[in-house]
Amino acid sequence: MFELSFIKKYLTPKKKQLSVSLIALLSVAVITLVVWLVVVFISVTEGIEKTWLHKLTALNAPLRLQPTKEYFSSYYYNVDRYSASSHYLSQTIGQKAKALISDPYNPKKDEELPPLLAKPDRDAMGDLKDPVKGVLAILDDLKKTYPGLAYQDVEMSGALLRLELVRQEANSLQPVEMHSQLTHVSYLASLSEKNPSLSDLILKPSIEDLNHLLFLASRDKENPRGTLSHSQIQKLKTKSDLWPLPVDFLPEKISFFAEAYEHEGGISHIMVFDRPITKSQTIEKRGKKLFYKKDGEPEYPLDIKTPLFAYGNIEFSVQEQGEEGSFFISASLQNQGVSGWTSLEGLEVAKASFDTVFASLPSVLPPWAFTLKDKESFVPRDETKTGILLAKNFRDNGVRMGDSGYLAYSAPTSLGSQERHLLVYVAGFYDPGIMAVGNKCILVPNTITQTINSFESPFTLERSEANVLHVWFSHLQEAPKIKTALLERLRETGLEKYWKVETFREYDFAKDLMQQFDSDKYLFTLIGVIILLVACTNIISLLVLLVSDKKKEIGILRAMGAKRRSIATIFALSGGSLGFFSCLLGVFLAFLTLRNIDSVVSFLSFLQGHEAFNVQFFGQSLPHEMSPRALVFAAIATPLFALLAGLFPAIKAARLNPCESLRS
């Protein structure tokens with residue numbers, strides 16, 4: 001109020017008008033800044049939540065069906081152990097689904113059933129109720145209502161993973177092999193090939209993976225046909241500072257600075273440098289001969305077989321890829337072009353692209369996990385080893401594609417427990433998200449989990465968790481509807497007691513995270529409301545000053561017959577207009593910020609001296625899409641709060657006495 005009385009008393013009308021303009025600009029700037037921050041913050045947090053939920057539901061499915069205690073105590077499940085056709089073993093959900101008959105027991109061939117075994121649960125027709133085929137029939141029927149729905153049984157187990165890590169230290173012309181082992185106790189989950197989101201989790205091969213696969217192929221004298229036919233190599237580089245330079249690479253009659261090394265009275269080898277130098281020694285190729293020259297001395301012809309070595313880190317562009325691992329490459333050496341055909345000896349890949357999606361199953365399989373266009377994922381295997389997928393933290397710790405080893409598990413024998421091995425190799429890596437269970441889980445073909453669980457090893461999990469049905473669909477918000485429809489159909493068929501149906505918000509390992517997401521939404525919205533409300537109070541000061549400055553005009557309007565409501569509406573709409581304009585400007589700035597969010601993150605990281613956002617939690621890049629909820633919130637709340645802030649000055653203006661206003 002002191003500010004307003006000071007303006008009234010000491011400032012001229014012209015200066016008063018200038019002060020009103022400055023306060024208006026300040027109000028717009030403050031509200032714009034708040035809208036910008038609120039929209040960016042809500043958009044980023046919602047984008048992170050969507051990313052986390054996508055990874056969570058892609059790996060664990062948005063809907064899960066767990067067998068209940070009634071299922072495992074039922075005749076349907078336990079009769080397999082007394083049936084020869086079931087090999088006297090309990091069958092998994094997948095095996096039950098493929099079984100030709102629901103009741104495998106044959107009283108003429110099989111042993112007599114124990115009296116404590118549960119009685120068969122039969123329908124009105126007298127047939128044994130089949131909980132597995134029944135629920136699968138319901139899911140097939142739901143596909144008509146939800147076209148993107150897919151399902152698959154998933155089996156879990158555990159084993160000891162042991163990998164042999166063979167690495168090559170390329171610091172000289174004779175690289176040294178380094179051997180080490182990795183041992184890790186891990187959960188195993190059967191690979192869900194029908195999971196439509198699995199391809200989004202599988203990481204593409206890296207350059208390091210490709211180099212390691214090529215190294216393993218050369219080491220074992222294998223033909224790397226699958227690796228090279230499904231990768232497009234654009235650039236190669238030398239592994240070390242010394243690389244055997246083929247004579248054919250040198251252009252005719254072009255001199256290169258070089259240095260000759262003598263041994264026992266003759267030249268043993270010649271070093272050609274990667275850049276021009278001031279040395280006086282040169283080498284030149286003419287036809288099928290090499291000529292070495294040193295200033296002040298005559299030319300010296302060399303044997304064409306004299307070893308040449310390129311010194312320095314040289315990068316080659318791949319012009320053509322031939323058969324059996326040969327490449328036509330070119331590079332600039334001392335500002336001169338060199339090119340020719342060569343093998344990968346002494347070279348490694350610097351840049352490449354990979355084929356990971358195919359229209360149909362390729363005749364030659366790549367050594368990494370791949371996906372068909374119908375979103376079905378495959379993990380290849382060779383004659384002896386099975387491909388597996390590891391969580392990406394293994395790759396961060398130095399594991400590479402092609403590393404092989406075995407999964408160890410215990411199997412009971414007549415003499416006790418015996419350790420058995422299943423040969424495996426790393427066929428790829430996947431992003432498990434932030435869930436702790438994901439980082440420990442290895443994705444394997446279902447034959448591995450079935451083999452381990454059939455022996456009831458010490459790693460076997462709780463039966464209700466070791467074998468479940470996962471259901472995927474296009475939109476996560478449809479999860480409650482699908483659950484309700486599924487439960488209704490299960491009740492109608494009398495199978496409800498055999499299945500526990502849960503959405504991703506009810507999983508034990510994700511429930512707390514989902515609740516935190518919901519709490520954060522309300523908290524962030526409340527904070528946004530408070531900050532925006534405080535910012536809009538600047539409009540009160542502006543309009544109070546404007547009312548004081550326009551008393552004469554208000555008096556004239558009132559004297560001409562203007563109603564109090566009209567005067568109040570004018571000033572209230574002035575506040576609302578300022579809020580609306582500030583909202584548009586703030587949303588525009590937020591849009592620009594989100595489009596350049598990576599640059600903002602890089603700047604923040606530079607200021608802090610380290611990564612501003614942990615990749616493990618936030619991914620490689622922050623979300624850059626504007627949240628519809630943030631946009632609606634800003635578009636409604638900002639003009640509304642500005643309008644409410646303008647009501648007090650508007651009411652004050654409406655109550656002014658016309659006579660007093662004109663006298664003043």
# chains A, B, ... in the order shown; residues from 1 in each chain; ligands from 1
>>> closest_atom_pairs(of="region 163-273 of chain A", to="region 150-154 of chain A", cutoff="8 Å", atoms="only C-alpha atoms", output="JSON lines")
{"residue": "A:Ala189", "atom": "CA", "partner": "A:Val154", "partner_atom": "CA", "distance": 6.8}
{"residue": "A:Ser190", "atom": "CA", "partner": "A:Val154", "partner_atom": "CA", "distance": 5.5}
{"residue": "A:Leu191", "atom": "CA", "partner": "A:Val154", "partner_atom": "CA", "distance": 7.4}
{"residue": "A:Ser192", "atom": "CA", "partner": "A:Gln152", "partner_atom": "CA", "distance": 6.6}
{"residue": "A:Lys194", "atom": "CA", "partner": "A:Gln152", "partner_atom": "CA", "distance": 6.6}
{"residue": "A:Asn195", "atom": "CA", "partner": "A:Ala150", "partner_atom": "CA", "distance": 7.1}
{"residue": "A:Pro196", "atom": "CA", "partner": "A:Ala150", "partner_atom": "CA", "distance": 7.7}
>>> write_last_selection(atoms="C-alpha atoms", output="JSON list (two decimals), in the first residue's frame")
[["chain", "number", "residue", "atom", "x", "y", "z"],
["A", 189, "ALA", "CA", 12.53, -66.56, -16.83],
["A", 190, "SER", "CA", 11.31, -68.28, -19.97],
["A", 191, "LEU", "CA", 11.46, -66.06, -23.02],
["A", 192, "SER", "CA", 8.06, -64.72, -24.09],
["A", 194, "LYS", "CA", 4.70, -63.55, -28.21],
["A", 195, "ASN", "CA", 5.33, -60.51, -26.03],
["A", 196, "PRO", "CA", 4.70, -57.57, -28.42]]
>>> select_by_dssp(residues="region 362-410 of chain A", states="helix (DSSP H, G or I)", output="number ranges by chain")
A: 392-396
>>> select_by_dssp(residues="region 116-350 of chain A", states="strand (DSSP E or B)", output="JSON, numbers by chain")
{"A": [122, 128, 150, 151, 152, 153, 154, 155, 156, 157, 158, 159, 160, 161, 162, 163, 164, 165, 166, 167, 168, 169, 176, 177, 178, 179, 180, 181, 182, 183, 184, 185, 186, 187, 188, 189, 190, 202, 231, 232, 233, 234, 235, 236, 237, 238, 242, 243, 244, 252, 255, 256, 257, 258, 259, 260, 261, 262, 263, 266, 267, 268, 269, 270, 271, 272, 273, 281, 282, 283, 284, 285, 286, 289, 290, 291, 292, 293, 294, 300, 301, 302, 308, 309, 310, 311, 315, 316, 317, 318, 319, 320, 321, 327, 328, 329, 330, 331, 332, 333, 336, 337, 338, 339, 340, 341, 342, 347, 348, 349, 350]}
>>> closest_residue(among="A:Glu320, A:Asp520, A:Asp141, A:Glu478", to="Gln232 (chain A)", atoms="only C-alpha atoms")
A:Glu320
>>> closest_residue(among="A:Leu198, A:Leu163, A:Ala637, A:Leu139", to="Leu182 (chain A)", atoms="only C-alpha atoms")
A:Leu163
>>> atom_distance(atom1="CA of Ser85 (chain A)", atom2="CA of Ala97 (chain A)")
14.8 Å
>>> closest_atom_pairs(of="region 136-167 of chain A", to="region 401-423 of chain A", cutoff="6 Å", atoms="only C-alpha atoms", output="CSV")
residue,atom,partner,partner_atom,distance
A:Ala159,CA,A:Tyr409,CA,5.3
A:Leu160,CA,A:Ala408,CA,5.0
A:Leu161,CA,A:Leu407,CA,4.7
A:Arg162,CA,A:Gly405,CA,5.5
A:Leu163,CA,A:Gly405,CA,4.2
A:Glu164,CA,A:Gly405,CA,5.6
>>> write_last_selection(atoms="N, CA and C atoms", output="PDB file, in the first residue's frame")
ATOM      1  N   ALA A 159      19.406 -70.670 -11.391  1.00  0.00           N
ATOM      2  CA  ALA A 159      20.597 -71.471 -11.666  1.00  0.00           C
ATOM      3  C   ALA A 159      21.838 -70.623 -11.417  1.00  0.00           C
ATOM      4  N   LEU A 160      22.972 -71.269 -11.467  1.00  0.00           N
ATOM      5  CA  LEU A 160      24.254 -70.588 -11.338  1.00  0.00           C
ATOM      6  C   LEU A 160      24.826 -70.362 -12.735  1.00  0.00           C
ATOM      7  N   LEU A 161      24.969 -69.109 -13.130  1.00  0.00           N
ATOM      8  CA  LEU A 161      25.529 -68.784 -14.440  1.00  0.00           C
ATOM      9  C   LEU A 161      27.042 -68.653 -14.326  1.00  0.00           C
ATOM     10  N   ARG A 162      27.727 -69.353 -15.208  1.00  0.00           N
ATOM     11  CA  ARG A 162      29.192 -69.248 -15.251  1.00  0.00           C
ATOM     12  C   ARG A 162      29.610 -69.023 -16.702  1.00  0.00           C
ATOM     13  N   LEU A 163      30.233 -67.876 -16.953  1.00  0.00           N
ATOM     14  CA  LEU A 163      30.670 -67.520 -18.303  1.00  0.00           C
ATOM     15  C   LEU A 163      32.190 -67.461 -18.364  1.00  0.00           C
ATOM     16  N   GLU A 164      32.727 -67.903 -19.493  1.00  0.00           N
ATOM     17  CA  GLU A 164      34.165 -67.757 -19.757  1.00  0.00           C
ATOM     18  C   GLU A 164      34.362 -66.505 -20.600  1.00  0.00           C
TER      19      GLU A 164
END
>>> residues_around(residues="region 108-124 of chain A", least_positions_apart="2", cutoff="12 Å", atoms="only C-alpha atoms", output="JSON, numbers by chain")
{"A": [70, 71, 72, 73, 74, 75, 76, 77, 78, 79, 80, 81, 82, 83, 84, 85, 86, 87, 88, 102, 103, 104, 105, 106, 126, 127, 128, 129, 130, 131, 134, 492, 493, 494, 495, 497, 498]}
>>> residues_around(residues="His475 (chain A)", least_positions_apart="2", cutoff="10 Å", atoms="only C-alpha atoms", output="compact mmCIF listing (two decimals) with C-alpha atoms, in the first residue's frame")
# COMPACT_ATOMS: atom_id res chain seq x y z
CA PRO A 62 0.15 -55.51 -17.56
CA TYR A 146 -9.38 -56.14 -27.56
CA GLY A 148 -4.08 -56.15 -29.52
CA LEU A 149 -4.37 -58.75 -26.76
CA TRP A 472 -0.37 -58.05 -22.96
CA PHE A 473 -2.58 -55.45 -24.64
CA GLN A 477 -5.66 -48.03 -19.00
CA GLU A 478 -7.69 -51.00 -20.24
CA ALA A 479 -6.22 -53.27 -17.55
>>> residues_around(residues="Gly287 (chain A)", least_positions_apart="3", cutoff="12 Å", atoms="only C-alpha atoms", output="list in words")
Val247, Asp248, Leu250, Pro251, Glu252, Lys253, Ile254, Glu284, Leu290, Phe291 and Ile304 of chain A
>>> write_last_selection(atoms="C-alpha atoms", output="tab-separated table (two decimals), in the first residue's frame")
chain	number	residue	atom	x	y	z
A	247	VAL	CA	51.95	-52.85	-50.62
A	248	ASP	CA	48.97	-52.93	-52.97
A	250	LEU	CA	50.09	-47.61	-52.10
A	251	PRO	CA	49.27	-45.60	-55.23
A	252	GLU	CA	51.75	-45.56	-58.11
A	253	LYS	CA	54.59	-43.01	-58.13
A	254	ILE	CA	53.47	-41.22	-54.96
A	284	GLU	CA	57.65	-44.90	-53.48
A	290	LEU	CA	59.53	-50.32	-53.98
A	291	PHE	CA	62.16	-47.60	-53.91
A	304	ILE	CA	58.50	-56.17	-52.68
>>> decode(residues="region 134-251 of chain A", atoms="C-alpha atoms", output="JSON list (two decimals), in the first residue's frame")
[["chain", "number", "residue", "atom", "x", "y", "z"],
["A", 134, "GLY", "CA", -10.72, -72.91, -20.21],
["A", 135, "VAL", "CA", -8.89, -69.68, -19.40],
["A", 136, "LEU", "CA", -7.06, -69.74, -22.75],
["A", 137, "ALA", "CA", -10.41, -70.05, -24.54],
["A", 138, "ILE", "CA", -11.65, -67.02, -22.60],
["A", 139, "LEU", "CA", -8.54, -65.03, -23.57],
["A", 140, "ASP", "CA", -8.99, -66.01, -27.22],
["A", 141, "ASP", "CA", -12.56, -64.77, -27.03],
["A", 142, "LEU", "CA", -11.44, -61.47, -25.46],
["A", 143, "LYS", "CA", -9.22, -60.85, -28.50],
["A", 144, "LYS", "CA", -12.38, -59.99, -30.41],
["A", 145, "THR", "CA", -13.05, -57.09, -28.04],
["A", 146, "TYR", "CA", -9.38, -56.14, -27.56],
["A", 147, "PRO", "CA", -7.59, -56.82, -30.89],
["A", 148, "GLY", "CA", -4.08, -56.15, -29.52],
["A", 149, "LEU", "CA", -4.37, -58.75, -26.76],
["A", 150, "ALA", "CA", -1.68, -61.45, -26.57],
["A", 151, "TYR", "CA", -0.79, -64.02, -23.93],
["A", 152, "GLN", "CA", 1.82, -66.62, -23.11],
["A", 153, "ASP", "CA", 2.77, -68.78, -20.15],
["A", 154, "VAL", "CA", 6.01, -67.85, -18.39],
["A", 155, "GLU", "CA", 8.04, -70.20, -16.24],
["A", 156, "MET", "CA", 10.67, -69.12, -13.72],
["A", 157, "SER", "CA", 13.53, -70.96, -12.10],
["A", 158, "GLY", "CA", 17.07, -70.31, -10.95],
["A", 159, "ALA", "CA", 20.60, -71.47, -11.67],
["A", 160, "LEU", "CA", 24.25, -70.59, -11.34],
["A", 161, "LEU", "CA", 25.53, -68.78, -14.44],
["A", 162, "ARG", "CA", 29.19, -69.25, -15.25],
["A", 163, "LEU", "CA", 30.67, -67.52, -18.30],
["A", 164, "GLU", "CA", 34.17, -67.76, -19.76],
["A", 165, "LEU", "CA", 35.34, -64.29, -20.76],
["A", 166, "VAL", "CA", 38.01, -64.37, -23.47],
["A", 167, "ARG", "CA", 39.42, -60.97, -24.35],
["A", 168, "GLN", "CA", 42.16, -59.74, -26.67],
["A", 169, "GLU", "CA", 44.60, -57.05, -25.59],
["A", 170, "ALA", "CA", 45.50, -55.37, -28.91],
["A", 171, "ASN", "CA", 48.46, -53.25, -27.84],
["A", 172, "SER", "CA", 50.98, -54.69, -30.30],
["A", 173, "LEU", "CA", 51.29, -56.74, -33.48],
["A", 174, "GLN", "CA", 50.89, -59.89, -31.41],
["A", 175, "PRO", "CA", 47.73, -59.45, -29.29],
["A", 176, "VAL", "CA", 47.59, -61.32, -26.01],
["A", 177, "GLU", "CA", 44.54, -63.33, -24.99],
["A", 178, "MET", "CA", 43.18, -62.74, -21.49],
["A", 179, "HIS", "CA", 40.94, -65.33, -19.80],
["A", 180, "SER", "CA", 38.62, -64.82, -16.84],
["A", 181, "GLN", "CA", 35.36, -66.18, -15.48],
["A", 182, "LEU", "CA", 32.10, -64.64, -14.35],
["A", 183, "THR", "CA", 29.94, -66.48, -11.80],
["A", 184, "HIS", "CA", 26.49, -65.20, -10.94],
["A", 185, "VAL", "CA", 23.51, -66.74, -9.13],
["A", 186, "SER", "CA", 20.49, -65.71, -11.20],
["A", 187, "TYR", "CA", 16.77, -66.07, -11.61],
["A", 188, "LEU", "CA", 15.69, -67.51, -14.95],
["A", 189, "ALA", "CA", 12.53, -66.56, -16.83],
["A", 190, "SER", "CA", 11.31, -68.28, -19.97],
["A", 191, "LEU", "CA", 11.46, -66.06, -23.02],
["A", 192, "SER", "CA", 8.06, -64.72, -24.09],
["A", 193, "GLU", "CA", 8.30, -64.77, -27.88],
["A", 194, "LYS", "CA", 4.70, -63.55, -28.21],
["A", 195, "ASN", "CA", 5.33, -60.51, -26.03],
["A", 196, "PRO", "CA", 4.70, -57.57, -28.42],
["A", 197, "SER", "CA", 6.84, -55.24, -26.29],
["A", 198, "LEU", "CA", 9.86, -57.51, -25.85],
["A", 199, "SER", "CA", 11.57, -56.10, -28.95],
["A", 200, "ASP", "CA", 11.50, -52.64, -27.33],
["A", 201, "LEU", "CA", 13.49, -53.98, -24.36],
["A", 202, "ILE", "CA", 16.13, -55.88, -26.34],
["A", 203, "LEU", "CA", 19.18, -53.70, -26.90],
["A", 204, "LYS", "CA", 20.77, -53.57, -30.33],
["A", 205, "PRO", "CA", 24.27, -55.02, -30.69],
["A", 206, "SER", "CA", 27.05, -52.56, -29.97],
["A", 207, "ILE", "CA", 30.30, -52.06, -31.89],
["A", 208, "GLU", "CA", 32.12, -53.80, -29.03],
["A", 209, "ASP", "CA", 29.77, -56.79, -29.38],
["A", 210, "LEU", "CA", 30.40, -57.01, -33.13],
["A", 211, "ASN", "CA", 34.19, -56.85, -32.70],
["A", 212, "HIS", "CA", 34.02, -59.55, -30.05],
["A", 213, "LEU", "CA", 31.89, -61.83, -32.24],
["A", 214, "LEU", "CA", 34.37, -61.42, -35.12],
["A", 215, "PHE", "CA", 37.26, -62.11, -32.76],
["A", 216, "LEU", "CA", 35.65, -65.31, -31.47],
["A", 217, "ALA", "CA", 34.95, -66.45, -35.05],
["A", 218, "SER", "CA", 38.58, -65.90, -36.09],
["A", 219, "ARG", "CA", 39.85, -67.53, -32.90],
["A", 220, "ASP", "CA", 37.83, -70.71, -33.43],
["A", 221, "LYS", "CA", 38.38, -70.70, -37.21],
["A", 222, "GLU", "CA", 34.66, -70.37, -37.78],
["A", 223, "ASN", "CA", 32.98, -68.70, -40.71],
["A", 224, "PRO", "CA", 31.39, -65.49, -39.36],
["A", 225, "ARG", "CA", 28.77, -65.61, -42.11],
["A", 226, "GLY", "CA", 25.81, -64.89, -39.85],
["A", 227, "THR", "CA", 27.61, -61.95, -38.24],
["A", 228, "LEU", "CA", 28.77, -60.29, -41.46],
["A", 229, "SER", "CA", 25.67, -60.98, -43.56],
["A", 230, "HIS", "CA", 23.42, -59.23, -41.03],
["A", 231, "SER", "CA", 25.68, -56.28, -40.24],
["A", 232, "GLN", "CA", 26.65, -53.43, -42.53],
["A", 233, "ILE", "CA", 30.15, -52.23, -41.66],
["A", 234, "GLN", "CA", 30.81, -48.63, -42.70],
["A", 235, "LYS", "CA", 34.17, -47.95, -41.06],
["A", 236, "LEU", "CA", 37.18, -49.89, -39.79],
["A", 237, "LYS", "CA", 40.12, -48.73, -37.71],
["A", 238, "THR", "CA", 43.49, -50.10, -36.69],
["A", 239, "LYS", "CA", 43.59, -51.98, -33.40],
["A", 240, "SER", "CA", 46.99, -50.64, -32.38],
["A", 241, "ASP", "CA", 49.53, -48.03, -33.46],
["A", 242, "LEU", "CA", 51.17, -50.53, -35.84],
["A", 243, "TRP", "CA", 49.30, -52.10, -38.73],
["A", 244, "PRO", "CA", 50.79, -54.24, -41.53],
["A", 245, "LEU", "CA", 50.22, -52.03, -44.59],
["A", 246, "PRO", "CA", 49.73, -54.07, -47.81],
["A", 247, "VAL", "CA", 51.95, -52.85, -50.62],
["A", 248, "ASP", "CA", 48.97, -52.93, -52.97],
["A", 249, "PHE", "CA", 47.42, -50.08, -50.96],
["A", 250, "LEU", "CA", 50.09, -47.61, -52.10],
["A", 251, "PRO", "CA", 49.27, -45.60, -55.23]]
